[in-house]
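For reference, the structure is listed below as structure tokens.
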Protein chains: 2
Amino acid sequence: MTATANPPLIAGIELGGTKVNCILACGPDAVQDEVRIPTTSPDETLAAVEAVLDGWNGFAAIGIASFGPISIDRSATDHGHVLATPKPGWTGTDIARRIGRRFDRPTGFHTDVTAAALAEARWGAGAGLDDLAYVTVGTGIGVGMVAGGRPVDGLSHAELGHLRPVRLAGDDWVGTCPFHGGCIEGLASGPAIRARTGRAAETLAADDPAWDGVAHVLGQLLHALALSGVPRRIVLGGGVMTGMPHLFPRVRAAMTRSLGGYLSLPEVADAETYVVPAGLGGRAGPLGAVLLGMQALAAFTGN
Amino acid sequence: MTATANPPLIAGIELGGTKVNCILACGPDAVQDEVRIPTTSPDETLAAVEAVLDGWNGFAAIGIASFGPISIDRSATDHGHVLATPKPGWTGTDIARRIGRRFDRPTGFHTDVTAAALAEARWGAGAGLDDLAYVTVGTGIGVGMVAGGRPVDGLSHAELGHLRPVRLAGDDWVGTCPFHGGCIEGLASGPAIRARTGRAAETLAADDPAWDGVAHVLGQLLHALALSGVPRRIVLGGGVMTGMPHLFPRVRAAMTRSLGGYLSLPEVADAETYVVPAGLGGRAGPLGAVLLGMQALAAFTGN
């Protein structure tokens, strides 16, 4: 027996609204297998995931990165379950306890966006930074925050896409959030942009005036994240940001304008390195699930 | 030599704008000495603190809870220093490195409000809760957040009193924040209330219409803190909240209204137990400093 430097293999599961990515890996350059499954009913989907993991050997832990809302509170009776969701059939579904029991391995469980934040901090646009915020702007707007290399959480996971932003003067469009109308998600998500302009975000011209409101609102979110004190960098991904290079300078400028010289931190003042595009794209979710599994394993073994 | 269950003595220093509280203690029921010093120039003040600690024997670590902004980033060259502050003479003052070197003990350093959050979570209104937010509403509005019993931080400490809140319809008063005008601190701090009404907050009648705007704005802050996912409870203290019982129900109602049914968490839905008055009053700062010292000691000894 010799000591080995190889990190253990992890089974990572990114459970999304339309598909599940299963990955057997110990890092981005050490992926042994990858399987994609459609997300259908809870039972059918989880049984298919279990069948994939049944075919894999030698994984030491499992990480699950799920769409939310989910219960990540280890002291709660519903830990590992999906909470109230509009997704038919999924409310109350036990995910993490079922999978963890089935395979009898340490099992990490968090939101897909928190997992993506972990992956971007370890291997992506924040590589080497232990403190990072990740924002996905797509069908919804999700925020994952990492401090000291661990998810920032407690009672629950972040839902900061539902902050209520100050609006641009004269902009009183009602927004699309069924709870808040004009919260950040209700004003700047893909569906909000489509509802407001009649066009998909990716087909909207860079000089369309709707972008002013979107950039302003996302700048308000960055203002809030900077004030949290946590991130050394803010990483922006998701369908609305990806391939939209004109949006980054405008969002950075909106943040800087909103902070108004407050926070005398050179890291924040240099908005071009403080607010950056995601580095891992669609790989962030499954790789983040692997990191959740690694952290569950470390907690289990006391490392 | 026999093992002892007594926790080690800590020298706690709460460095405030007008006074410094020095405490030799291992908890709220085990205070050996307490000395108060006026805050004057940096050198005079820190020399007086050192003289107090010179007279104390047997403390194992030091905790410093300071007014901000301060550098708490251990990887920064200015760690332990005061950052740009309007307080004359204090910008750039080295506090924690000077004290730590002088006494050669593990030295914790954080903001006074983060320390108060730690103390409220351990011994105060959140006793037994590892995840808590503490808000002080006084001369300024400060937020301290604790997750898993540790301060939530990274690049810096929280400055969430400078969030920009959505305003009550028709309320366009400019606010007093020199950076943001109508941020939360610029609208709901003691000086903001005085600027708006011409009266000190503690002399303002409960039915004064100014309270509506204050409650609404503080409700926006609680909305944001709840969305962070961290707190199992939010503790409100400071001069504007203390002895203002009418304000608590209004702030809770404003939060609940703003969340609009989002976050299906019973802890948040029960606003009366989710948002509560501070339990330690002025003791939170020095006791929090003791906890900062305890955490520095634990990090040093690897416990």
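Ordered as shown in the structure tokens, chains take letters A, B, and onward, while each chain numbers its residues from 1 and ligands are numbered from 1 in the order shown.
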
From a backbone DSSP assignment, name each residue in stretch 29-265 of chain B labelled helix (DSSP H, G or I), as JSON, numbers by chain.
{"B": [42, 43, 44, 45, 46, 47, 48, 49, 50, 51, 52, 53, 54, 96, 97, 98, 99, 100, 101, 102, 103, 112, 113, 114, 115, 116, 117, 118, 119, 120, 121, 122, 123, 160, 161, 162, 184, 185, 186, 187, 188, 190, 191, 192, 193, 194, 195, 196, 197, 201, 202, 203, 210, 211, 212, 213, 214, 215, 216, 217, 218, 219, 220, 221, 222, 223, 224, 225, 226, 227, 247, 248, 249, 250, 251, 252, 253, 254, 255, 256, 257, 258, 259]}

Using only C-alpha atoms, find which residues of chain A lie within 9 Å of chain B and jot them down as a compact mmCIF listing (two decimals) with all heavy atoms, in the first residue's frame.
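Now in result19.txt:
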# COMPACT_ATOMS: atom_id res chain seq x y z
N PRO A 69 -36.82 25.83 -4.60
CA PRO A 69 -36.24 25.86 -3.25
C PRO A 69 -36.13 24.46 -2.64
O PRO A 69 -36.98 23.61 -2.88
CB PRO A 69 -37.25 26.71 -2.46
CG PRO A 69 -38.56 26.51 -3.15
CD PRO A 69 -38.23 26.26 -4.61
N LEU A 83 -38.78 21.97 -1.46
CA LEU A 83 -39.85 22.72 -0.79
C LEU A 83 -40.92 23.09 -1.84
O LEU A 83 -40.89 22.58 -2.96
CB LEU A 83 -39.27 23.96 -0.10
CG LEU A 83 -38.21 23.64 0.98
CD1 LEU A 83 -37.65 24.92 1.59
CD2 LEU A 83 -38.83 22.77 2.08
N ALA A 84 -41.83 24.00 -1.45
CA ALA A 84 -42.94 24.34 -2.35
C ALA A 84 -42.40 24.86 -3.68
O ALA A 84 -41.68 25.86 -3.73
CB ALA A 84 -43.83 25.40 -1.69
N ASP A 130 -11.30 32.22 -2.25
CA ASP A 130 -12.16 31.47 -1.32
C ASP A 130 -13.50 32.16 -1.07
O ASP A 130 -14.37 31.57 -0.43
CB ASP A 130 -11.43 31.30 0.02
CG ASP A 130 -10.71 29.97 0.10
OD1 ASP A 130 -10.81 29.18 -0.85
OD2 ASP A 130 -10.03 29.73 1.12
N ASP A 131 -13.59 33.40 -1.51
CA ASP A 131 -14.78 34.20 -1.19
C ASP A 131 -15.33 34.76 -2.50
O ASP A 131 -14.68 35.59 -3.13
CB ASP A 131 -14.43 35.35 -0.24
CG ASP A 131 -13.61 34.86 0.96
OD1 ASP A 131 -14.16 34.10 1.77
OD2 ASP A 131 -12.42 35.23 1.05
N LEU A 132 -16.52 34.32 -2.87
CA LEU A 132 -17.01 34.63 -4.21
C LEU A 132 -18.53 34.64 -4.24
O LEU A 132 -19.19 33.92 -3.48
CB LEU A 132 -16.49 33.53 -5.16
CG LEU A 132 -16.85 33.65 -6.62
CD1 LEU A 132 -15.57 33.58 -7.46
CD2 LEU A 132 -17.78 32.54 -7.04
N VAL A 146 -20.06 32.02 -1.63
CA VAL A 146 -19.07 31.14 -1.01
C VAL A 146 -18.16 32.00 -0.14
O VAL A 146 -17.66 33.03 -0.59
CB VAL A 146 -18.23 30.44 -2.11
CG1 VAL A 146 -17.10 29.65 -1.49
CG2 VAL A 146 -19.11 29.55 -2.96
N ALA A 147 -17.96 31.62 1.11
CA ALA A 147 -17.04 32.33 2.01
C ALA A 147 -16.11 31.30 2.63
O ALA A 147 -16.56 30.27 3.14
CB ALA A 147 -17.80 33.09 3.09
N GLY A 148 -14.82 31.58 2.57
CA GLY A 148 -13.86 30.63 3.11
C GLY A 148 -13.97 29.27 2.43
O GLY A 148 -13.70 28.24 3.05
N VAL A 152 -22.28 29.96 1.84
CA VAL A 152 -22.86 30.84 2.87
C VAL A 152 -24.33 30.46 3.01
O VAL A 152 -25.11 30.63 2.08
CB VAL A 152 -22.73 32.32 2.46
CG1 VAL A 152 -23.45 33.22 3.46
CG2 VAL A 152 -21.27 32.72 2.33
N ASP A 153 -24.69 29.90 4.13
CA ASP A 153 -26.08 29.53 4.35
C ASP A 153 -26.36 29.45 5.83
O ASP A 153 -25.55 29.88 6.66
CB ASP A 153 -26.41 28.21 3.64
CG ASP A 153 -25.51 27.06 4.12
OD1 ASP A 153 -25.10 27.05 5.30
OD2 ASP A 153 -25.21 26.17 3.31
N GLY A 154 -27.50 28.93 6.19
CA GLY A 154 -27.88 28.84 7.60
C GLY A 154 -29.25 28.19 7.63
O GLY A 154 -29.37 27.00 7.36
N LEU A 155 -30.27 29.01 7.89
CA LEU A 155 -31.64 28.48 7.86
C LEU A 155 -31.94 27.91 6.48
O LEU A 155 -32.63 26.90 6.35
CB LEU A 155 -32.62 29.61 8.19
CG LEU A 155 -34.10 29.28 8.04
CD1 LEU A 155 -34.51 28.20 9.04
CD2 LEU A 155 -34.95 30.54 8.23
N SER A 156 -31.45 28.58 5.44
CA SER A 156 -31.80 28.20 4.08
C SER A 156 -30.71 28.66 3.12
O SER A 156 -29.63 29.07 3.55
CB SER A 156 -33.15 28.82 3.73
OG SER A 156 -33.56 28.41 2.45
N HIS A 157 -30.99 28.60 1.84
CA HIS A 157 -30.04 29.08 0.83
C HIS A 157 -30.46 30.46 0.35
O HIS A 157 -31.60 30.88 0.55
CB HIS A 157 -29.98 28.09 -0.33
CG HIS A 157 -31.33 27.71 -0.88
ND1 HIS A 157 -32.04 28.52 -1.74
CD2 HIS A 157 -32.11 26.61 -0.67
CE1 HIS A 157 -33.19 27.92 -2.04
NE2 HIS A 157 -33.26 26.77 -1.39
N ALA A 158 -29.54 31.16 -0.29
CA ALA A 158 -29.82 32.52 -0.75
C ALA A 158 -30.92 32.53 -1.80
O ALA A 158 -31.06 31.61 -2.60
CB ALA A 158 -28.54 33.14 -1.33
N GLU A 159 -31.70 33.60 -1.76
CA GLU A 159 -32.75 33.87 -2.76
C GLU A 159 -32.66 35.33 -3.17
O GLU A 159 -33.68 36.00 -3.33
CB GLU A 159 -34.13 33.58 -2.14
CG GLU A 159 -34.42 32.13 -1.84
CD GLU A 159 -34.84 31.34 -3.08
OE1 GLU A 159 -34.85 31.93 -4.19
OE2 GLU A 159 -35.14 30.14 -2.93
N LEU A 160 -31.42 35.81 -3.33
CA LEU A 160 -31.22 37.25 -3.47
C LEU A 160 -31.66 37.81 -4.83
O LEU A 160 -31.68 39.02 -5.01
CB LEU A 160 -29.76 37.60 -3.18
CG LEU A 160 -29.41 37.44 -1.68
CD1 LEU A 160 -27.89 37.43 -1.48
CD2 LEU A 160 -30.03 38.56 -0.86
N GLY A 161 -32.04 36.93 -5.75
CA GLY A 161 -32.67 37.41 -6.99
C GLY A 161 -34.01 38.08 -6.72
O GLY A 161 -34.54 38.78 -7.59
N HIS A 162 -34.53 37.89 -5.51
CA HIS A 162 -35.82 38.50 -5.17
C HIS A 162 -35.67 39.76 -4.32
O HIS A 162 -36.64 40.21 -3.70
CB HIS A 162 -36.73 37.46 -4.49
CG HIS A 162 -37.19 36.41 -5.45
ND1 HIS A 162 -38.35 36.51 -6.18
CD2 HIS A 162 -36.61 35.25 -5.86
CE1 HIS A 162 -38.48 35.45 -6.97
NE2 HIS A 162 -37.44 34.67 -6.79
N LEU A 163 -34.48 40.34 -4.29
CA LEU A 163 -34.34 41.69 -3.72
C LEU A 163 -35.19 42.66 -4.54
O LEU A 163 -35.35 42.51 -5.74
CB LEU A 163 -32.87 42.14 -3.81
CG LEU A 163 -31.90 41.57 -2.79
CD1 LEU A 163 -30.48 42.04 -3.13
CD2 LEU A 163 -32.26 42.00 -1.38
N ARG A 164 -35.66 43.69 -3.84
CA ARG A 164 -36.41 44.74 -4.55
C ARG A 164 -35.45 45.88 -4.87
O ARG A 164 -34.97 46.57 -3.97
CB ARG A 164 -37.53 45.28 -3.66
CG ARG A 164 -38.62 44.25 -3.35
CD ARG A 164 -39.72 44.93 -2.53
NE ARG A 164 -40.78 44.01 -2.16
CZ ARG A 164 -41.87 43.79 -2.90
NH1 ARG A 164 -42.02 44.43 -4.04
NH2 ARG A 164 -42.80 42.96 -2.48
N PRO A 165 -35.16 46.11 -6.14
CA PRO A 165 -34.21 47.16 -6.48
C PRO A 165 -34.87 48.53 -6.59
O PRO A 165 -36.05 48.65 -6.94
CB PRO A 165 -33.71 46.73 -7.87
CG PRO A 165 -34.92 46.08 -8.47
CD PRO A 165 -35.64 45.38 -7.32
N VAL A 166 -34.08 49.56 -6.30
CA VAL A 166 -34.47 50.91 -6.68
C VAL A 166 -34.50 50.96 -8.21
O VAL A 166 -33.66 50.37 -8.88
CB VAL A 166 -33.46 51.92 -6.12
CG1 VAL A 166 -33.65 53.30 -6.73
CG2 VAL A 166 -33.58 51.99 -4.60
N ARG A 167 -35.50 51.65 -8.77
CA ARG A 167 -35.67 51.68 -10.22
C ARG A 167 -35.04 52.90 -10.84
O ARG A 167 -34.82 53.92 -10.18
CB ARG A 167 -37.18 51.67 -10.52
CG ARG A 167 -37.94 50.51 -9.89
CD ARG A 167 -37.58 49.20 -10.53
NE ARG A 167 -38.09 49.14 -11.88
CZ ARG A 167 -39.32 48.75 -12.20
NH1 ARG A 167 -40.16 48.38 -11.24
NH2 ARG A 167 -39.74 48.72 -13.45
N PHE A 179 -44.59 37.07 -6.97
CA PHE A 179 -44.57 37.49 -5.56
C PHE A 179 -44.31 38.99 -5.41
O PHE A 179 -44.89 39.64 -4.56
CB PHE A 179 -43.51 36.70 -4.79
CG PHE A 179 -43.77 35.23 -4.72
CD1 PHE A 179 -43.20 34.37 -5.65
CD2 PHE A 179 -44.62 34.71 -3.76
CE1 PHE A 179 -43.45 33.01 -5.60
CE2 PHE A 179 -44.87 33.34 -3.70
CZ PHE A 179 -44.28 32.49 -4.62
N HIS A 180 -43.39 39.51 -6.20
CA HIS A 180 -42.88 40.86 -5.97
C HIS A 180 -43.06 41.80 -7.16
O HIS A 180 -42.73 42.97 -7.04
CB HIS A 180 -41.39 40.80 -5.61
CG HIS A 180 -41.07 39.81 -4.55
ND1 HIS A 180 -40.22 38.76 -4.74
CD2 HIS A 180 -41.50 39.71 -3.27
CE1 HIS A 180 -40.14 38.03 -3.63
NE2 HIS A 180 -40.91 38.59 -2.73
N GLN A 220 -27.88 47.05 -9.13
CA GLN A 220 -28.39 47.09 -7.75
C GLN A 220 -28.09 45.79 -7.01
O GLN A 220 -27.76 45.79 -5.83
CB GLN A 220 -29.91 47.33 -7.76
CG GLN A 220 -30.32 48.71 -8.22
CD GLN A 220 -29.94 49.75 -7.21
OE1 GLN A 220 -30.46 49.78 -6.11
NE2 GLN A 220 -28.99 50.59 -7.55
N HIS A 223 -24.44 45.86 -6.12
CA HIS A 223 -24.31 46.78 -4.97
C HIS A 223 -24.58 46.00 -3.68
O HIS A 223 -23.77 46.05 -2.73
CB HIS A 223 -25.32 47.93 -5.17
CG HIS A 223 -25.48 48.89 -4.02
ND1 HIS A 223 -25.20 50.24 -4.12
CD2 HIS A 223 -25.91 48.70 -2.74
CE1 HIS A 223 -25.45 50.83 -2.95
NE2 HIS A 223 -25.88 49.93 -2.11
N ALA A 224 -25.66 45.25 -3.64
CA ALA A 224 -26.01 44.50 -2.43
C ALA A 224 -24.97 43.42 -2.13
O ALA A 224 -24.56 43.24 -0.97
CB ALA A 224 -27.40 43.86 -2.58
N ALA A 226 -21.81 43.36 -2.98
CA ALA A 226 -20.57 43.99 -2.52
C ALA A 226 -20.71 44.39 -1.05
O ALA A 226 -19.78 44.21 -0.25
CB ALA A 226 -20.24 45.20 -3.39
N LEU A 227 -21.89 44.92 -0.68
CA LEU A 227 -22.11 45.35 0.71
C LEU A 227 -22.15 44.17 1.68
O LEU A 227 -22.00 44.36 2.89
CB LEU A 227 -23.42 46.13 0.83
CG LEU A 227 -23.49 47.51 0.17
CD1 LEU A 227 -24.88 48.10 0.39
CD2 LEU A 227 -22.43 48.47 0.70
N SER A 228 -22.37 42.97 1.18
CA SER A 228 -22.37 41.81 2.09
C SER A 228 -20.99 41.59 2.68
O SER A 228 -20.84 40.93 3.71
CB SER A 228 -22.81 40.55 1.34
OG SER A 228 -21.74 40.06 0.53
N GLY A 229 -19.97 42.14 2.04
CA GLY A 229 -18.60 41.99 2.54
C GLY A 229 -17.94 40.70 2.11
O GLY A 229 -16.74 40.52 2.32
N VAL A 230 -18.69 39.80 1.53
CA VAL A 230 -18.13 38.47 1.25
C VAL A 230 -17.26 38.42 -0.01
O VAL A 230 -16.08 38.09 0.06
CB VAL A 230 -19.25 37.40 1.20
CG1 VAL A 230 -18.71 36.08 0.70
CG2 VAL A 230 -19.87 37.24 2.60
N PRO A 231 -17.81 38.74 -1.19
CA PRO A 231 -17.08 38.34 -2.40
C PRO A 231 -15.81 39.15 -2.68
O PRO A 231 -15.79 40.37 -2.57
CB PRO A 231 -18.11 38.57 -3.53
CG PRO A 231 -19.10 39.53 -2.99
CD PRO A 231 -19.14 39.30 -1.51
N ARG A 232 -14.78 38.42 -3.07
CA ARG A 232 -13.58 39.03 -3.64
C ARG A 232 -13.75 39.20 -5.15
O ARG A 232 -12.96 39.86 -5.81
CB ARG A 232 -12.35 38.16 -3.37
CG ARG A 232 -11.99 38.11 -1.90
CD ARG A 232 -10.88 37.14 -1.60
NE ARG A 232 -10.82 36.92 -0.17
CZ ARG A 232 -10.13 37.71 0.68
NH1 ARG A 232 -9.43 38.71 0.23
NH2 ARG A 232 -10.14 37.46 1.96
N ARG A 233 -14.76 38.56 -5.67
CA ARG A 233 -15.09 38.67 -7.09
C ARG A 233 -16.55 38.25 -7.24
O ARG A 233 -17.03 37.39 -6.49
CB ARG A 233 -14.18 37.76 -7.92
CG ARG A 233 -14.35 37.91 -9.41
CD ARG A 233 -13.22 37.23 -10.17
NE ARG A 233 -11.94 37.89 -9.93
CZ ARG A 233 -10.74 37.33 -10.19
NH1 ARG A 233 -10.68 36.12 -10.70
NH2 ARG A 233 -9.63 38.01 -9.95
N SER A 258 -24.03 53.12 -8.30
CA SER A 258 -24.89 52.93 -7.15
C SER A 258 -24.10 52.96 -5.84
O SER A 258 -24.56 53.51 -4.84
CB SER A 258 -25.65 51.60 -7.28
OG SER A 258 -26.54 51.44 -6.20
N LEU A 259 -22.91 52.39 -5.84
CA LEU A 259 -22.08 52.42 -4.62
C LEU A 259 -21.64 53.85 -4.31
O LEU A 259 -21.39 54.19 -3.15
CB LEU A 259 -20.87 51.50 -4.76
CG LEU A 259 -21.18 50.00 -4.69
CD1 LEU A 259 -19.94 49.18 -5.07
CD2 LEU A 259 -21.66 49.60 -3.29
N GLY A 260 -21.53 54.68 -5.30
CA GLY A 260 -21.29 56.11 -5.08
C GLY A 260 -20.01 56.41 -4.31
O GLY A 260 -19.96 57.35 -3.52
N GLY A 261 -18.99 55.62 -4.51
CA GLY A 261 -17.72 55.88 -3.82
C GLY A 261 -17.64 55.24 -2.45
O GLY A 261 -16.60 55.31 -1.79
N TYR A 262 -18.74 54.63 -2.00
CA TYR A 262 -18.71 53.92 -0.72
C TYR A 262 -17.95 52.62 -0.92
O TYR A 262 -17.85 52.12 -2.02
CB TYR A 262 -20.14 53.66 -0.24
CG TYR A 262 -20.18 53.31 1.23
CD1 TYR A 262 -19.97 54.30 2.17
CD2 TYR A 262 -20.41 52.03 1.65
CE1 TYR A 262 -19.98 53.99 3.52
CE2 TYR A 262 -20.42 51.71 3.00
CZ TYR A 262 -20.20 52.70 3.93
OH TYR A 262 -20.21 52.39 5.26
N LEU A 263 -17.43 52.06 0.17
CA LEU A 263 -16.56 50.88 0.16
C LEU A 263 -15.22 51.26 -0.46
O LEU A 263 -15.03 51.20 -1.67
CB LEU A 263 -17.13 49.70 -0.63
CG LEU A 263 -18.36 48.98 -0.10
CD1 LEU A 263 -18.73 47.84 -1.04
CD2 LEU A 263 -18.14 48.46 1.30
N SER A 264 -14.28 51.68 0.34
CA SER A 264 -12.98 52.12 -0.19
C SER A 264 -12.06 50.93 -0.35
O SER A 264 -11.00 50.86 0.24
CB SER A 264 -12.37 53.15 0.75
OG SER A 264 -12.19 52.60 2.04
N LEU A 265 -12.51 49.95 -1.13
CA LEU A 265 -11.74 48.73 -1.34
C LEU A 265 -11.25 48.70 -2.78
O LEU A 265 -12.06 48.75 -3.70
CB LEU A 265 -12.61 47.51 -1.06
CG LEU A 265 -13.19 47.42 0.35
CD1 LEU A 265 -14.34 46.43 0.41
CD2 LEU A 265 -12.09 47.01 1.34
N GLU A 267 -10.31 46.35 -4.55
CA GLU A 267 -10.85 45.21 -5.30
C GLU A 267 -12.20 45.57 -5.93
O GLU A 267 -12.51 45.14 -7.05
CB GLU A 267 -11.05 43.99 -4.39
CG GLU A 267 -9.75 43.36 -3.89
CD GLU A 267 -9.22 44.03 -2.63
OE1 GLU A 267 -9.72 45.12 -2.24
OE2 GLU A 267 -8.30 43.46 -2.01

Near-stretch 5-17 of chain A list (7 Å; only C-alpha atoms; drop same-chain fewer than 2 positions) as a list in words
Ala3, Lys19, Val20, Asn21, Cys22, Ile23, Leu24, Ala25, Cys26, Thr39, Gly58, Phe59, Ala60, Ala61, Ile62, Gly63, Ile64, Ala65, Ser66, Phe67, Asp112, Gly285, Pro286, Ala289, Val290, Gly293 and Met294 of chain A

Would you mind exporting the chosen residues as a CSV table (one decimal), in the first residue's frame, restricted to N, CA, C and O atoms?
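As a result, result-v2.csv now contains:
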chain,number,residue,atom,x,y,z
A,3,ALA,N,0.8,5.6,-0.3
A,3,ALA,CA,-0.1,6.8,-0.3
A,3,ALA,C,-0.3,7.3,-1.7
A,3,ALA,O,0.6,7.2,-2.5
A,19,LYS,N,-33.3,18.7,-17.2
A,19,LYS,CA,-32.4,17.5,-17.3
A,19,LYS,C,-31.6,17.4,-16.1
A,19,LYS,O,-31.4,18.3,-15.3
A,20,VAL,N,-31.0,16.2,-16.0
A,20,VAL,CA,-30.1,15.9,-14.8
A,20,VAL,C,-28.8,15.5,-15.4
A,20,VAL,O,-28.7,14.6,-16.3
A,21,ASN,N,-27.7,16.2,-15.0
A,21,ASN,CA,-26.4,15.8,-15.4
A,21,ASN,C,-25.7,15.0,-14.3
A,21,ASN,O,-25.6,15.5,-13.1
A,22,CYS,N,-25.3,13.8,-14.6
A,22,CYS,CA,-24.6,12.9,-13.6
A,22,CYS,C,-23.2,12.8,-14.1
A,22,CYS,O,-22.9,12.6,-15.3
A,23,ILE,N,-22.3,13.0,-13.2
A,23,ILE,CA,-20.9,13.0,-13.5
A,23,ILE,C,-20.1,12.2,-12.5
A,23,ILE,O,-20.3,12.4,-11.3
A,24,LEU,N,-19.2,11.4,-13.0
A,24,LEU,CA,-18.3,10.7,-12.1
A,24,LEU,C,-16.9,11.3,-12.3
A,24,LEU,O,-16.3,11.2,-13.3
A,25,ALA,N,-16.4,12.0,-11.2
A,25,ALA,CA,-15.2,12.8,-11.5
A,25,ALA,C,-14.5,13.1,-10.1
A,25,ALA,O,-15.1,13.0,-9.1
A,26,CYS,N,-13.3,13.5,-10.2
A,26,CYS,CA,-12.6,14.2,-9.1
A,26,CYS,C,-12.1,15.6,-9.4
A,26,CYS,O,-11.4,16.2,-8.6
A,39,THR,N,-35.4,15.3,-16.9
A,39,THR,CA,-36.1,15.4,-15.7
A,39,THR,C,-37.6,15.2,-16.0
A,39,THR,O,-38.2,16.0,-16.7
A,58,GLY,N,-16.7,2.7,-7.2
A,58,GLY,CA,-15.6,3.4,-6.5
A,58,GLY,C,-15.8,4.8,-6.1
A,58,GLY,O,-14.8,5.5,-5.8
A,59,PHE,N,-17.0,5.3,-6.2
A,59,PHE,CA,-17.1,6.7,-5.7
A,59,PHE,C,-17.3,6.8,-4.2
A,59,PHE,O,-17.9,5.9,-3.6
A,60,ALA,N,-16.6,7.7,-3.6
A,60,ALA,CA,-16.5,7.8,-2.1
A,60,ALA,C,-17.6,8.6,-1.5
A,60,ALA,O,-17.9,8.5,-0.3
A,61,ALA,N,-18.2,9.5,-2.3
A,61,ALA,CA,-19.3,10.4,-1.8
A,61,ALA,C,-20.1,10.8,-3.0
A,61,ALA,O,-19.8,10.6,-4.2
A,62,ILE,N,-21.2,11.5,-2.6
A,62,ILE,CA,-22.2,11.9,-3.6
A,62,ILE,C,-22.4,13.4,-3.3
A,62,ILE,O,-22.5,13.8,-2.2
A,63,GLY,N,-22.5,14.2,-4.4
A,63,GLY,CA,-22.9,15.6,-4.3
A,63,GLY,C,-24.1,15.8,-5.2
A,63,GLY,O,-24.2,15.4,-6.3
A,64,ILE,N,-25.1,16.5,-4.6
A,64,ILE,CA,-26.4,16.8,-5.4
A,64,ILE,C,-26.6,18.3,-5.4
A,64,ILE,O,-26.7,18.9,-4.4
A,65,ALA,N,-26.6,18.8,-6.6
A,65,ALA,CA,-26.9,20.3,-6.8
A,65,ALA,C,-28.3,20.4,-7.5
A,65,ALA,O,-28.5,19.9,-8.6
A,66,SER,N,-29.2,20.9,-6.7
A,66,SER,CA,-30.6,20.8,-7.2
A,66,SER,C,-31.2,22.2,-7.5
A,66,SER,O,-30.8,23.2,-6.9
A,67,PHE,N,-32.2,22.2,-8.4
A,67,PHE,CA,-33.1,23.4,-8.5
A,67,PHE,C,-33.7,23.6,-7.1
A,67,PHE,O,-33.9,22.6,-6.3
A,112,ASP,N,-28.3,24.3,-7.1
A,112,ASP,CA,-27.5,24.3,-8.3
A,112,ASP,C,-26.6,25.6,-8.4
A,112,ASP,O,-25.4,25.5,-8.8
A,285,GLY,N,-22.3,23.5,-12.9
A,285,GLY,CA,-23.3,22.8,-12.0
A,285,GLY,C,-22.8,21.4,-11.7
A,285,GLY,O,-22.7,21.1,-10.5
A,286,PRO,N,-22.5,20.5,-12.6
A,286,PRO,CA,-22.0,19.2,-12.3
A,286,PRO,C,-20.7,19.2,-11.5
A,286,PRO,O,-20.5,18.4,-10.6
A,289,ALA,N,-21.4,20.1,-8.1
A,289,ALA,CA,-22.0,18.9,-7.4
A,289,ALA,C,-20.9,18.0,-6.8
A,289,ALA,O,-20.9,17.5,-5.7
A,290,VAL,N,-19.8,17.9,-7.7
A,290,VAL,CA,-18.6,17.1,-7.2
A,290,VAL,C,-18.0,17.7,-6.0
A,290,VAL,O,-17.7,17.0,-5.0
A,293,GLY,N,-20.0,17.0,-3.0
A,293,GLY,CA,-19.7,15.6,-2.5
A,293,GLY,C,-18.3,15.6,-1.7
A,293,GLY,O,-18.2,14.9,-0.7
A,294,MET,N,-17.3,16.3,-2.3
A,294,MET,CA,-16.0,16.4,-1.6
A,294,MET,C,-16.2,17.0,-0.2
A,294,MET,O,-15.6,16.5,0.8

Got a sec: who's within 12 Å of stretch 196-198 of chain A, counting only C-alpha atoms, leaving out chain neighbours fewer than 5 positions off, as a PyMOL selection string?
chain A and resi 171-176+182+186-191+203-205+208-211+213-214

Writing out the chosen residues with C-alpha atoms as a PDB file, in the first residue's frame:
ATOM      1  CA  ASP A 171     -39.327  53.331 -15.035  1.00  0.00           C
ATOM      2  CA  ASP A 172     -42.427  51.898 -13.443  1.00  0.00           C
ATOM      3  CA  TRP A 173     -42.945  48.725 -15.478  1.00  0.00           C
ATOM      4  CA  VAL A 174     -44.615  46.241 -13.172  1.00  0.00           C
ATOM      5  CA  GLY A 175     -42.293  43.259 -13.670  1.00  0.00           C
ATOM      6  CA  THR A 176     -43.113  39.560 -13.877  1.00  0.00           C
ATOM      7  CA  GLY A 182     -40.514  44.328  -9.871  1.00  0.00           C
ATOM      8  CA  GLY A 186     -39.070  40.109 -12.136  1.00  0.00           C
ATOM      9  CA  LEU A 187     -37.256  42.831 -14.073  1.00  0.00           C
ATOM     10  CA  ALA A 188     -34.051  41.334 -15.455  1.00  0.00           C
ATOM     11  CA  SER A 189     -34.550  37.593 -15.992  1.00  0.00           C
ATOM     12  CA  GLY A 190     -34.973  36.205 -19.490  1.00  0.00           C
ATOM     13  CA  PRO A 191     -38.762  35.858 -19.176  1.00  0.00           C
ATOM     14  CA  THR A 203     -32.230  38.596 -30.061  1.00  0.00           C
ATOM     15  CA  LEU A 204     -32.469  42.058 -28.490  1.00  0.00           C
ATOM     16  CA  ALA A 205     -30.160  44.642 -30.097  1.00  0.00           C
ATOM     17  CA  ASP A 208     -32.377  48.503 -27.245  1.00  0.00           C
ATOM     18  CA  PRO A 209     -33.422  50.858 -24.414  1.00  0.00           C
ATOM     19  CA  ALA A 210     -34.673  47.886 -22.347  1.00  0.00           C
ATOM     20  CA  TRP A 211     -31.048  47.019 -21.561  1.00  0.00           C
ATOM     21  CA  GLY A 213     -33.233  49.045 -17.029  1.00  0.00           C
ATOM     22  CA  VAL A 214     -31.778  45.527 -16.955  1.00  0.00           C
TER      23      VAL A 214
END
